[in-house]
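Asks: One file: protein-v7.csv (CSV, C-alpha atoms and all ligand atoms).
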chain,number,residue,atom,x,y,z
A,1,MET,CA,143.9,90.9,128.4
A,2,SER,CA,141.5,90.1,125.6
A,3,THR,CA,140.5,86.7,124.5
A,4,ILE,CA,139.1,86.2,121.0
A,5,LEU,CA,136.2,83.8,121.3
A,6,ILE,CA,134.7,83.8,117.9
A,7,SER,CA,136.2,85.0,114.6
A,8,LEU,CA,134.8,85.2,111.2
A,9,GLU,CA,137.3,85.2,108.3
A,10,ASN,CA,136.1,86.4,104.9
A,11,VAL,CA,132.8,84.7,105.5
A,12,SER,CA,130.4,84.7,102.5
A,13,LEU,CA,127.1,83.1,101.8
A,14,ASN,CA,124.8,83.6,98.8
A,15,TYR,CA,121.4,82.1,98.9
A,16,ILE,CA,120.5,82.5,95.3
A,17,GLU,CA,122.2,82.0,92.0
A,18,ASN,CA,122.9,84.8,89.6
A,19,SER,CA,121.9,87.4,92.1
A,20,PHE,CA,122.9,88.4,95.5
A,21,ALA,CA,121.2,87.8,98.8
A,22,GLY,CA,123.2,86.8,101.9
A,23,LEU,CA,126.5,87.9,103.3
A,24,SER,CA,129.8,88.9,101.6
A,25,GLU,CA,133.3,88.8,103.0
A,26,ILE,CA,132.5,89.3,106.6
A,27,ASN,CA,135.5,89.7,109.0
A,28,LEU,CA,134.7,89.9,112.7
A,29,SER,CA,136.3,89.2,116.0
A,30,ILE,CA,134.2,88.7,119.1
A,31,GLU,CA,135.9,88.7,122.5
A,32,LYS,CA,134.8,86.8,125.6
A,33,GLY,CA,132.3,88.9,127.5
A,34,ASP,CA,131.5,91.1,124.5
A,35,PHE,CA,128.0,92.4,124.1
A,36,ILE,CA,127.7,92.7,120.3
A,37,SER,CA,124.8,94.4,118.6
A,38,VAL,CA,124.1,93.7,115.0
A,39,VAL,CA,122.3,96.6,113.3
A,40,GLY,CA,121.0,96.8,109.7
A,41,GLU,CA,117.9,97.3,107.7
A,42,SER,CA,115.6,94.4,107.0
A,43,GLY,CA,117.3,91.9,104.6
A,44,SER,CA,120.8,93.2,105.3
A,45,GLY,CA,121.9,89.7,106.5
A,46,LYS,CA,121.5,89.9,110.3
A,47,SER,CA,119.8,86.6,110.8
A,48,THR,CA,122.1,84.9,108.3
A,49,LEU,CA,125.1,86.1,110.3
A,50,LEU,CA,123.7,84.7,113.5
A,51,LYS,CA,122.9,81.4,111.9
A,52,ILE,CA,126.4,81.1,110.5
A,53,ILE,CA,127.9,81.8,113.9
A,54,TYR,CA,125.6,79.3,115.6
A,55,GLY,CA,126.5,76.7,113.0
A,56,LEU,CA,123.0,76.4,111.5
A,57,LEU,CA,124.3,77.5,108.1
A,58,ALA,CA,127.7,76.9,106.6
A,59,PRO,CA,129.4,79.7,104.7
A,60,ASP,CA,130.1,79.2,100.9
A,61,SER,CA,133.6,80.5,101.6
A,62,GLY,CA,135.6,81.8,104.5
A,63,GLU,CA,135.7,80.3,107.9
A,64,VAL,CA,134.2,80.7,111.4
A,65,LEU,CA,136.5,79.9,114.3
A,66,PHE,CA,135.5,79.2,117.9
A,67,LYS,CA,138.4,79.6,120.3
A,68,GLY,CA,140.7,79.3,117.3
A,69,ARG,CA,139.2,76.1,116.0
A,70,HIS,CA,137.1,75.5,112.9
A,71,LEU,CA,133.4,75.7,113.8
A,72,GLU,CA,131.5,72.8,112.3
A,73,GLY,CA,128.7,73.6,110.0
A,74,PRO,CA,125.4,71.7,109.7
A,75,HIS,CA,126.8,69.1,107.3
A,76,GLU,CA,129.6,68.2,109.6
A,77,LYS,CA,127.4,67.6,112.7
A,78,LEU,CA,124.6,65.3,113.7
A,79,ILE,CA,122.7,68.0,115.5
A,80,PRO,CA,123.3,71.5,114.0
A,81,GLY,CA,124.0,74.2,116.5
A,82,HIS,CA,127.1,74.8,118.6
A,83,ASP,CA,127.1,73.1,122.0
A,84,SER,CA,128.6,76.1,123.8
A,85,MET,CA,126.1,78.5,122.3
A,86,LYS,CA,122.3,79.1,122.7
A,87,MET,CA,120.1,80.9,120.3
A,88,LEU,CA,116.9,82.5,121.3
A,89,SER,CA,114.6,83.6,118.6
A,90,GLN,CA,111.1,84.9,118.5
A,91,ASP,CA,109.3,81.6,119.0
A,92,PHE,CA,110.4,80.6,122.5
A,93,ASN,CA,110.2,76.9,122.1
A,94,LEU,CA,108.6,76.4,125.5
A,95,ASN,CA,106.5,73.4,126.6
A,96,ILE,CA,103.3,75.5,127.1
A,97,TYR,CA,101.4,72.9,129.2
A,98,ALA,CA,104.3,72.3,131.6
A,99,ARG,CA,105.1,74.5,134.5
A,100,VAL,CA,107.8,77.2,134.5
A,101,TYR,CA,110.2,75.4,136.8
A,102,GLU,CA,109.8,72.2,134.7
A,103,ASN,CA,110.6,74.0,131.5
A,104,ILE,CA,113.8,75.4,133.1
A,105,GLU,CA,114.9,72.3,135.0
A,106,SER,CA,114.3,69.8,132.2
A,107,LEU,CA,117.5,70.9,130.5
A,108,LEU,CA,119.6,69.8,133.4
A,109,SER,CA,120.7,66.3,134.1
A,110,ASN,CA,119.2,64.3,137.1
A,111,GLU,CA,122.6,63.3,138.4
A,112,ASP,CA,122.6,66.1,141.0
A,113,LEU,CA,118.9,66.7,141.9
A,114,LYS,CA,119.7,69.1,144.7
A,115,GLY,CA,122.0,71.1,142.5
A,116,LYS,CA,119.5,71.1,139.7
A,117,LYS,CA,116.8,72.6,141.9
A,118,GLN,CA,119.2,75.2,143.2
A,119,LYS,CA,120.4,76.2,139.8
A,120,ALA,CA,116.9,76.6,138.5
A,121,ALA,CA,116.0,78.6,141.5
A,122,ASP,CA,119.0,80.9,141.0
A,123,MET,CA,118.1,81.4,137.4
A,124,MET,CA,114.5,82.2,138.2
A,125,ALA,CA,115.7,84.7,140.8
A,126,LEU,CA,118.1,86.4,138.4
A,127,LEU,CA,115.2,86.8,135.9
A,128,ARG,CA,112.6,87.7,138.6
A,129,ILE,CA,110.3,84.8,137.8
A,130,GLU,CA,110.5,82.9,141.2
A,131,HIS,CA,106.8,83.8,141.9
A,132,LEU,CA,105.8,82.1,138.6
A,133,ALA,CA,107.6,78.8,139.2
A,134,ASN,CA,104.5,76.7,139.6
A,135,LYS,CA,102.5,78.4,136.8
A,136,LYS,CA,102.0,76.8,133.4
A,137,ILE,CA,103.4,78.6,130.4
A,138,VAL,CA,100.0,79.1,128.9
A,139,GLU,CA,99.0,81.1,132.0
A,140,LEU,CA,101.9,83.6,131.5
A,141,SER,CA,102.0,86.9,129.6
A,142,GLY,CA,104.2,87.4,126.6
A,143,GLY,CA,106.9,89.2,128.6
A,144,GLU,CA,106.9,86.5,131.3
A,145,GLN,CA,107.2,83.8,128.7
A,146,GLN,CA,110.2,85.7,127.3
A,147,ARG,CA,111.9,85.6,130.7
A,148,VAL,CA,111.3,81.9,131.0
A,149,ALA,CA,112.7,81.4,127.5
A,150,LEU,CA,115.8,83.4,128.5
A,151,ALA,CA,116.2,81.4,131.8
A,152,ARG,CA,116.0,78.2,129.7
A,153,ALA,CA,118.6,79.5,127.2
A,154,ILE,CA,121.2,80.2,129.9
A,155,ILE,CA,120.5,77.4,132.5
A,156,THR,CA,123.1,75.2,130.8
A,157,GLU,CA,125.6,78.0,131.0
A,158,PRO,CA,126.3,78.5,127.3
A,159,GLU,CA,129.4,80.7,126.6
A,160,VAL,CA,127.5,82.6,123.9
A,161,LEU,CA,123.9,83.7,123.8
A,162,LEU,CA,122.6,84.6,120.3
A,163,LEU,CA,119.4,86.7,120.2
A,164,ASP,CA,117.5,87.3,117.1
A,165,GLU,CA,115.0,90.2,117.5
A,166,PRO,CA,114.0,89.1,121.0
A,167,PHE,CA,112.1,92.3,121.7
A,168,SER,CA,109.8,92.2,118.8
A,169,GLN,CA,106.8,91.0,120.7
A,170,LEU,CA,107.2,93.2,123.7
A,171,ASP,CA,105.5,96.5,124.6
A,172,ALA,CA,107.6,99.4,125.7
A,173,LEU,CA,107.6,98.6,129.4
A,174,LEU,CA,108.5,95.0,129.0
A,175,LYS,CA,111.1,95.9,126.5
A,176,ALA,CA,112.8,98.1,129.1
A,177,GLN,CA,112.7,95.2,131.7
A,178,PHE,CA,114.1,92.8,129.2
A,179,ARG,CA,116.9,95.1,128.3
A,180,THR,CA,117.7,95.3,132.1
A,181,ASP,CA,117.6,91.5,132.2
A,182,LEU,CA,120.1,91.2,129.4
A,183,LYS,CA,122.4,93.8,130.9
A,184,ASN,CA,122.4,91.8,134.1
A,185,LEU,CA,123.2,88.5,132.3
A,186,SER,CA,126.0,90.2,130.6
A,187,ASP,CA,127.4,91.9,133.7
A,188,GLN,CA,126.8,89.1,136.3
A,189,LEU,CA,127.4,85.9,134.3
A,190,GLY,CA,130.0,87.3,131.9
A,191,ILE,CA,128.1,85.6,129.1
A,192,THR,CA,129.0,86.7,125.5
A,193,ILE,CA,125.9,88.1,123.9
A,194,ILE,CA,125.2,88.8,120.2
A,195,LEU,CA,122.0,90.7,119.7
A,196,VAL,CA,120.1,91.4,116.6
A,197,SER,CA,117.4,94.0,117.0
A,198,HIS,CA,115.4,96.1,114.6
A,199,ASP,CA,115.4,98.8,117.2
A,200,PRO,CA,118.9,100.4,117.2
A,201,LEU,CA,118.3,101.8,120.6
A,202,ASP,CA,118.7,98.3,122.0
A,203,GLY,CA,122.2,98.2,120.6
A,204,LEU,CA,123.1,101.7,121.6
A,205,THR,CA,122.0,101.0,125.2
A,206,LEU,CA,123.4,97.5,125.7
A,207,ALA,CA,126.3,96.8,123.5
A,208,ASN,CA,130.0,97.5,123.9
A,209,LYS,CA,130.5,96.8,120.2
A,210,MET,CA,128.1,97.5,117.3
A,211,ILE,CA,128.4,96.2,113.8
A,212,ILE,CA,126.5,97.7,110.9
A,213,LEU,CA,125.3,95.5,108.1
A,214,LYS,CA,124.2,96.8,104.7
A,215,GLU,CA,123.3,94.5,101.8
A,216,GLY,CA,125.2,91.6,103.3
A,217,LYS,CA,128.4,93.7,103.9
A,218,LEU,CA,129.8,94.7,107.3
A,219,ILE,CA,130.2,98.4,106.6
A,220,GLU,CA,131.5,99.6,110.0
A,221,SER,CA,132.0,98.5,113.6
A,222,GLY,CA,133.0,100.0,116.9
A,223,SER,CA,131.6,101.2,120.2
A,224,PRO,CA,128.0,102.5,120.0
A,225,GLU,CA,129.2,105.9,121.3
A,226,TYR,CA,131.9,106.2,118.6
A,227,ILE,CA,129.7,105.0,115.7
A,228,TYR,CA,126.8,107.2,116.6
A,229,ALA,CA,129.0,110.3,116.8
A,230,ASN,CA,131.2,109.5,113.8
A,231,PRO,CA,129.3,107.4,111.4
A,232,SER,CA,131.2,106.6,108.2
A,233,HIS,CA,128.0,106.3,106.2
A,234,ILE,CA,124.7,108.2,106.0
A,235,TYR,CA,123.0,104.8,106.2
A,236,THR,CA,124.4,104.3,109.7
A,237,ALA,CA,123.4,107.7,110.9
A,238,LYS,CA,119.8,107.2,109.6
A,239,LEU,CA,119.6,103.8,111.3
A,240,LEU,CA,120.9,105.0,114.6
A,241,GLY,CA,119.5,108.5,115.0
A,242,ASN,CA,117.0,110.8,113.6
A,243,ALA,CA,119.5,112.0,111.1
A,244,PHE,CA,118.6,114.7,108.7
A,245,VAL,CA,120.4,114.8,105.3
A,246,LEU,CA,120.8,117.9,103.1
A,247,SER,CA,122.3,118.2,99.7
A,248,ALA,CA,125.4,120.4,99.4
A,249,ALA,CA,123.2,123.1,97.7
A,250,GLU,CA,120.7,123.0,100.5
A,251,ALA,CA,123.4,123.1,103.1
A,252,LYS,CA,124.9,126.1,101.5
A,253,VAL,CA,121.6,128.0,101.7
A,254,LEU,CA,121.7,127.4,105.5
A,255,GLY,CA,125.2,128.8,105.7
A,256,MET,CA,127.2,125.6,105.9
A,257,LYS,CA,130.3,125.2,103.8
A,258,THR,CA,131.0,121.8,102.2
A,259,LYS,CA,132.9,120.4,99.4
A,260,MET,CA,131.1,117.0,99.7
A,261,ASN,CA,127.8,115.9,98.2
A,262,SER,CA,125.7,116.0,101.4
A,263,VAL,CA,125.6,117.0,105.0
A,264,MET,CA,124.1,115.1,107.9
A,265,ILE,CA,122.7,116.7,111.0
A,266,TYR,CA,121.3,115.0,114.2
A,267,PRO,CA,118.5,117.0,115.7
A,268,GLU,CA,120.4,117.4,119.0
A,269,TRP,CA,123.1,119.4,117.0
A,270,VAL,CA,120.5,122.0,116.2
A,271,GLN,CA,120.5,124.5,119.0
A,272,LEU,CA,117.5,126.9,119.4
A,273,LYS,CA,117.8,130.5,120.4
A,274,SER,CA,115.0,132.9,120.7
A,275,GLY,CA,115.2,136.2,118.9
A,276,TRP,CA,115.7,137.6,115.4
A,277,SER,CA,118.7,137.2,113.2
A,278,SER,CA,119.7,136.5,109.7
A,279,LYS,CA,119.6,132.7,110.5
A,280,THR,CA,115.9,132.8,111.4
A,281,TYR,CA,113.7,129.7,110.9
A,282,VAL,CA,110.0,129.3,111.0
A,283,VAL,CA,108.4,126.6,113.2
A,284,LYS,CA,106.4,124.5,110.7
A,285,GLU,CA,105.3,121.6,112.8
A,286,ILE,CA,105.6,120.5,116.4
A,287,PHE,CA,105.8,116.8,117.3
A,288,PHE,CA,105.1,116.3,121.0
A,289,LYS,CA,107.2,113.4,122.4
A,290,GLY,CA,106.5,113.6,126.1
A,291,PHE,CA,109.3,115.3,127.9
A,292,TYR,CA,110.5,116.9,124.7
A,293,GLU,CA,109.2,117.8,121.3
A,294,ASP,CA,110.6,117.8,117.8
A,295,LEU,CA,110.3,121.0,115.9
A,296,LEU,CA,110.2,120.9,112.2
A,297,LEU,CA,111.9,124.2,111.1
A,298,GLU,CA,112.0,125.8,107.7
A,299,ARG,CA,114.2,128.4,106.1
A,300,ASN,CA,114.2,129.3,102.4
A,301,GLY,CA,112.3,126.1,101.7
A,302,ILE,CA,114.8,123.9,103.5
A,303,GLU,CA,113.7,121.9,106.5
A,304,LEU,CA,115.6,120.9,109.7
A,305,ILE,CA,114.5,119.1,112.9
A,306,ALA,CA,115.4,120.5,116.3
A,307,ILE,CA,114.8,119.1,119.8
A,308,ASN,CA,112.9,121.4,122.2
A,309,MET,CA,113.3,120.3,125.8
A,310,LYS,CA,110.6,122.7,127.0
A,311,PRO,CA,107.4,121.4,125.3
A,312,GLY,CA,104.8,124.1,124.8
A,313,SER,CA,107.3,127.0,124.5
A,314,TYR,CA,106.8,127.4,120.8
A,315,LYS,CA,103.8,127.5,118.5
A,316,LYS,CA,103.4,127.0,114.8
A,317,GLY,CA,104.6,130.0,112.8
A,318,ASP,CA,107.0,131.2,115.5
A,319,ARG,CA,110.4,132.4,114.4
A,320,VAL,CA,113.5,130.9,116.0
A,321,GLN,CA,117.2,131.4,115.7
A,322,VAL,CA,119.3,128.4,115.2
A,323,ILE,CA,122.9,127.6,115.8
A,324,LEU,CA,124.3,124.4,114.2
A,325,ASN,CA,126.7,123.0,116.7
A,326,ASN,CA,127.9,120.2,114.4
A,327,TYR,CA,127.3,118.6,111.1
A,328,LEU,CA,129.0,115.8,109.2
A,329,GLU,CA,129.9,115.8,105.5
A,330,PHE,CA,129.5,112.8,103.2
A,401,LIG,P1,117.8,90.2,108.1
A,401,LIG,O1,117.8,89.3,109.2
A,401,LIG,O2,118.8,91.3,108.2
A,401,LIG,O3,116.4,90.8,107.8
A,401,LIG,P2,118.4,87.9,106.5
A,401,LIG,O4,119.7,87.4,107.0
A,401,LIG,O5,117.2,87.1,107.0
A,401,LIG,O6,118.2,89.4,106.8
A,401,LIG,O7,118.4,87.8,104.9
A,401,LIG,C1,119.4,88.4,104.1
A,401,LIG,C2,119.0,88.3,102.7
A,401,LIG,O8,119.0,86.9,102.3
A,401,LIG,C3,117.6,88.8,102.4
A,401,LIG,O9,117.6,89.4,101.1
A,401,LIG,C4,116.7,87.6,102.4
A,401,LIG,O10,115.6,87.8,101.6
A,401,LIG,C5,117.7,86.5,101.9
A,401,LIG,N1,117.4,85.2,102.4
A,401,LIG,C6,117.3,84.9,103.7
A,401,LIG,N2,117.1,83.6,103.9
A,401,LIG,C7,117.0,83.0,102.6
A,401,LIG,C8,116.7,81.7,102.1
A,401,LIG,N3,116.6,80.7,102.9
A,401,LIG,N4,116.7,81.6,100.8
A,401,LIG,C9,116.8,82.6,99.9
A,401,LIG,N5,117.1,83.9,100.3
A,401,LIG,C10,117.2,84.1,101.7
A,402,MG,MG,116.2,88.7,110.5
Can you give me the file's structure in the form of structure tokens?
Replies:
Amino acid sequence: MSTILISLENVSLNYIENSFAGLSEINLSIEKGDFISVVGESGSGKSTLLKIIYGLLAPDSGEVLFKGRHLEGPHEKLIPGHDSMKMLSQDFNLNIYARVYENIESLLSNEDLKGKKQKAADMMALLRIEHLANKKIVELSGGEQQRVALARAIITEPEVLLLDEPFSQLDALLKAQFRTDLKNLSDQLGITIILVSHDPLDGLTLANKMIILKEGKLIESGSPEYIYANPSHIYTAKLLGNAFVLSAAEAKVLGMKTKMNSVMIYPEWVQLKSGWSSKTYVVKEIFFKGFYEDLLLERNGIELIAINMKPGSYKKGDRVQVILNNYLEF
């Protein structure tokens, strides 16, 4: 059974007069336990959407409902921000001269001191920072601080955790760890998470529902698997994957039939076969990616990218045969 926790009904907000910047006519339902990922280019309205859900901004029109009740905006409340939600943004808001456990415990009441200690310990264990409990925040690395901030955000058991580009300061290794942390929070605590990230991989990996924003509009939503494989917009395909777009004329040269304006191909749809044939391409560039490489292929002046899972097996100038396993028309 699904329970709608948050719903947005025709929510619009325009920051400036006589021109558009903000959000327009957003409709969205978020269920309890959902892990929602908000994806869109810079300026598409992601942070605005989060602030409206949290109650930091009030929409010009439309309404946000929390458990079916009107969510109060900043003008209707003494302290903006919804009590059942926590928002974690890039600045962690930690007391940098206090110790880790103090930062985490300070949000709990003193009524039950033993319970308070226990809860902080549980939270530190969940986020693997027990060994840092007595360190001061200034002594921690960026990734460790991030985990403390996350522990602080969830210690009061919010029903909803809002994250605005939380990975932006982390290197690849820490990012992978932080992704795992979030996945654990979602799975173990059942907390509803709304994540904005500039790296769509975060959304693809973590979310059960993805929403795509473009110029303030919600242009599509669904499971990451579905949206990735069946994007309704080229914009979405380009955001989520290494999509390659050809005009109808170019596609025709490569043997594809289309009545539409353009054709989109993900590199993994381009299958390589060695040998000669009428569909022969030349390897123009090779981009080493570690366990695979991207091959830039060319035929009759038209370029495609293919993934080669055996790095080193081709060199520039080689001729390869290509089978297009799939393409989408737009
Ligand atoms: P994102 O988080 O996707 O980068 P934002 O929600 O921050 O996008 O911003 C959406 C649009 O609204 C952008 O064009 C941005 O420049 C504009 N905007 C954001 N905040 C303000 C503001 N306080 N005043 C005026 N324009 C703003
Ligand atoms: Mg933003």
Asks: Taking a cut-off of 10 Å and counting all atoms listed in the file, can you build a table that, for each residue of chain A near ligand LIG 401 (chain A), reports the nearest atom pair and how far apart they are in Å (one decimal), sorted by chain then residue number, as JSON lines?
Replies:
{"residue": "A:Leu13", "atom": "CA", "partner": "A:LIG401", "partner_atom": "O8", "distance": 9.0}
{"residue": "A:Asn14", "atom": "CA", "partner": "A:LIG401", "partner_atom": "O8", "distance": 7.5}
{"residue": "A:Tyr15", "atom": "CA", "partner": "A:LIG401", "partner_atom": "C9", "distance": 4.7}
{"residue": "A:Ile16", "atom": "CA", "partner": "A:LIG401", "partner_atom": "C9", "distance": 5.9}
{"residue": "A:Glu17", "atom": "CA", "partner": "A:LIG401", "partner_atom": "C9", "distance": 9.6}
{"residue": "A:Phe20", "atom": "CA", "partner": "A:LIG401", "partner_atom": "O9", "distance": 7.8}
{"residue": "A:Ala21", "atom": "CA", "partner": "A:LIG401", "partner_atom": "O8", "distance": 4.2}
{"residue": "A:Gly22", "atom": "CA", "partner": "A:LIG401", "partner_atom": "O8", "distance": 4.2}
{"residue": "A:Leu23", "atom": "CA", "partner": "A:LIG401", "partner_atom": "C1", "distance": 7.2}
{"residue": "A:Val38", "atom": "CA", "partner": "A:LIG401", "partner_atom": "O2", "distance": 8.9}
{"residue": "A:Val39", "atom": "CA", "partner": "A:LIG401", "partner_atom": "O2", "distance": 8.1}
{"residue": "A:Gly40", "atom": "CA", "partner": "A:LIG401", "partner_atom": "O2", "distance": 6.1}
{"residue": "A:Glu41", "atom": "CA", "partner": "A:LIG401", "partner_atom": "O2", "distance": 6.1}
{"residue": "A:Ser42", "atom": "CA", "partner": "A:LIG401", "partner_atom": "O3", "distance": 3.8}
{"residue": "A:Gly43", "atom": "CA", "partner": "A:LIG401", "partner_atom": "O6", "distance": 3.4}
{"residue": "A:Ser44", "atom": "CA", "partner": "A:LIG401", "partner_atom": "O2", "distance": 4.0}
{"residue": "A:Gly45", "atom": "CA", "partner": "A:LIG401", "partner_atom": "O4", "distance": 3.2}
{"residue": "A:Lys46", "atom": "CA", "partner": "A:LIG401", "partner_atom": "O2", "distance": 3.7}
{"residue": "A:Ser47", "atom": "CA", "partner": "A:LIG401", "partner_atom": "O1", "distance": 3.7}
{"residue": "A:Thr48", "atom": "CA", "partner": "A:LIG401", "partner_atom": "O4", "distance": 3.7}
{"residue": "A:Leu49", "atom": "CA", "partner": "A:LIG401", "partner_atom": "O4", "distance": 6.5}
{"residue": "A:Leu50", "atom": "CA", "partner": "A:LIG401", "partner_atom": "O4", "distance": 8.1}
{"residue": "A:Lys51", "atom": "CA", "partner": "A:LIG401", "partner_atom": "O4", "distance": 8.4}
{"residue": "A:Ile52", "atom": "CA", "partner": "A:LIG401", "partner_atom": "O4", "distance": 9.8}
{"residue": "A:Leu57", "atom": "CA", "partner": "A:LIG401", "partner_atom": "N3", "distance": 9.8}
{"residue": "A:Asp164", "atom": "CA", "partner": "A:LIG401", "partner_atom": "O1", "distance": 8.2}
{"residue": "A:Glu165", "atom": "CA", "partner": "A:LIG401", "partner_atom": "O1", "distance": 8.8}
{"residue": "A:Val196", "atom": "CA", "partner": "A:LIG401", "partner_atom": "O1", "distance": 8.0}
{"residue": "A:Ser197", "atom": "CA", "partner": "A:LIG401", "partner_atom": "O1", "distance": 9.1}
{"residue": "A:His198", "atom": "CA", "partner": "A:LIG401", "partner_atom": "O3", "distance": 8.7}
{"residue": "A:Leu213", "atom": "CA", "partner": "A:LIG401", "partner_atom": "O2", "distance": 7.7}
{"residue": "A:Lys214", "atom": "CA", "partner": "A:LIG401", "partner_atom": "O2", "distance": 8.5}
{"residue": "A:Glu215", "atom": "CA", "partner": "A:LIG401", "partner_atom": "C1", "distance": 7.6}
{"residue": "A:Gly216", "atom": "CA", "partner": "A:LIG401", "partner_atom": "C1", "distance": 6.7}
Asks: Which of these, A:Asn230, A:Ser89, A:Ser247, A:Asn261, has the shortest distance to ligand MG 402 (chain A) once you count all atoms listed in the file?
Replies: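 Under the stated criterion, the closest residue is A:Ser89.
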Asks: Find the residue from A:Ser223, A:Ser168, A:Asn325, A:Asn184 that sits nearest to ligand MG 402 (chain A); use all atoms listed in the file when measuring.
Replies: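 Distance minimum relative to ligand MG 402 (chain A) lands on A:Ser168.
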Asks: Have a look at atom CA of A:Leu201 and atom CA of A:Phe167 and let me know their distance in Å, one decimal.
Replies: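 Computing the Euclidean distance for atom CA of A:Leu201 and atom CA of A:Phe167 yields 11.4 Å.
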Asks: Find the residues around A:Val263 up to 9 Å (only C-alpha atoms counted), leave out those fewer than 3 positions away in its own chain, and share them as a JSON list (two decimals) with C-alpha atoms, in the frame of the given file.
Replies:
[["chain", "number", "residue", "atom", "x", "y", "z"],
["A", 234, "ILE", "CA", 124.70, 108.20, 106.00],
["A", 244, "PHE", "CA", 118.60, 114.70, 108.70],
["A", 245, "VAL", "CA", 120.40, 114.80, 105.30],
["A", 246, "LEU", "CA", 120.80, 117.90, 103.10],
["A", 247, "SER", "CA", 122.30, 118.20, 99.70],
["A", 248, "ALA", "CA", 125.40, 120.40, 99.40],
["A", 250, "GLU", "CA", 120.70, 123.00, 100.50],
["A", 251, "ALA", "CA", 123.40, 123.10, 103.10],
["A", 256, "MET", "CA", 127.20, 125.60, 105.90],
["A", 258, "THR", "CA", 131.00, 121.80, 102.20],
["A", 260, "MET", "CA", 131.10, 117.00, 99.70],
["A", 327, "TYR", "CA", 127.30, 118.60, 111.10],
["A", 328, "LEU", "CA", 129.00, 115.80, 109.20],
["A", 329, "GLU", "CA", 129.90, 115.80, 105.50],
["A", 330, "PHE", "CA", 129.50, 112.80, 103.20]]
Asks: I'd like the neighbourhood of A:Ser61 as number ranges by chain, where a residue qualifies if any of its atoms comes within 10 Å (using all atoms listed in the file), though same-chain residues fewer than 4 positions away should be ignored.
Replies: A: 9-14, 24-25
Asks: Within 8 Å of stretch 117-123 of chain A, counting all atoms listed in the file, which residues qualify if same-chain residues fewer than 4 places away don't, as an MDAnalysis selection string?
Replies: chainID A and resid 101 104:105 113 127 130 151 155
Asks: From the options A:Pro200, A:Lys209, A:Thr192, A:Pro158, which residue's atoms come nearest to A:Leu28, counting all atoms listed in the file?
Replies: A:Lys209
Asks: If you count all atoms listed in the file, which residues fall within 9 Å of A:Asn103, apart from same-chain ones fewer than 3 positions away, as a VMD selection string?
Replies: chain A and resid 94 to 96 98 to 100 106 to 107 137 148 to 149 152
Asks: Please determine, counting all atoms listed in the file, which residue among A:Ser141, A:Ser262, A:Asn110, A:Asn134 has the shortest atom-to-atom distance to A:Leu174.
Replies: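 Checking each candidate against A:Leu174, we get A:Ser141 as the closest.
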Asks: Mind pulling up the distance from atom CA of A:Gly241 to atom CA of A:Met87?
Replies: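 Separating atom CA of A:Met87 from atom CA of A:Gly241 is a distance of 28.1 Å.
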Asks: Using only C-alpha atoms and all ligand atoms, which of A:Leu195, A:Val160, A:Lys183, A:Tyr54 sits nearest ligand MG 402 (chain A)?
Replies: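 Closest to ligand MG 402 (chain A), using only C-alpha atoms and all ligand atoms: A:Leu195.
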Asks: Just checking: using only C-alpha atoms, which residue out of A:Glu220, A:Glu139, A:Glu285, A:Glu268 ends up closest to A:Leu324?
Replies: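 Of all the options, A:Glu268 lies closest to A:Leu324.
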Asks: Could you state the separation of atom CA of A:Met309 and atom CA of A:Thr236 in Å, given to one decimal place?
Replies: 25.3 Å
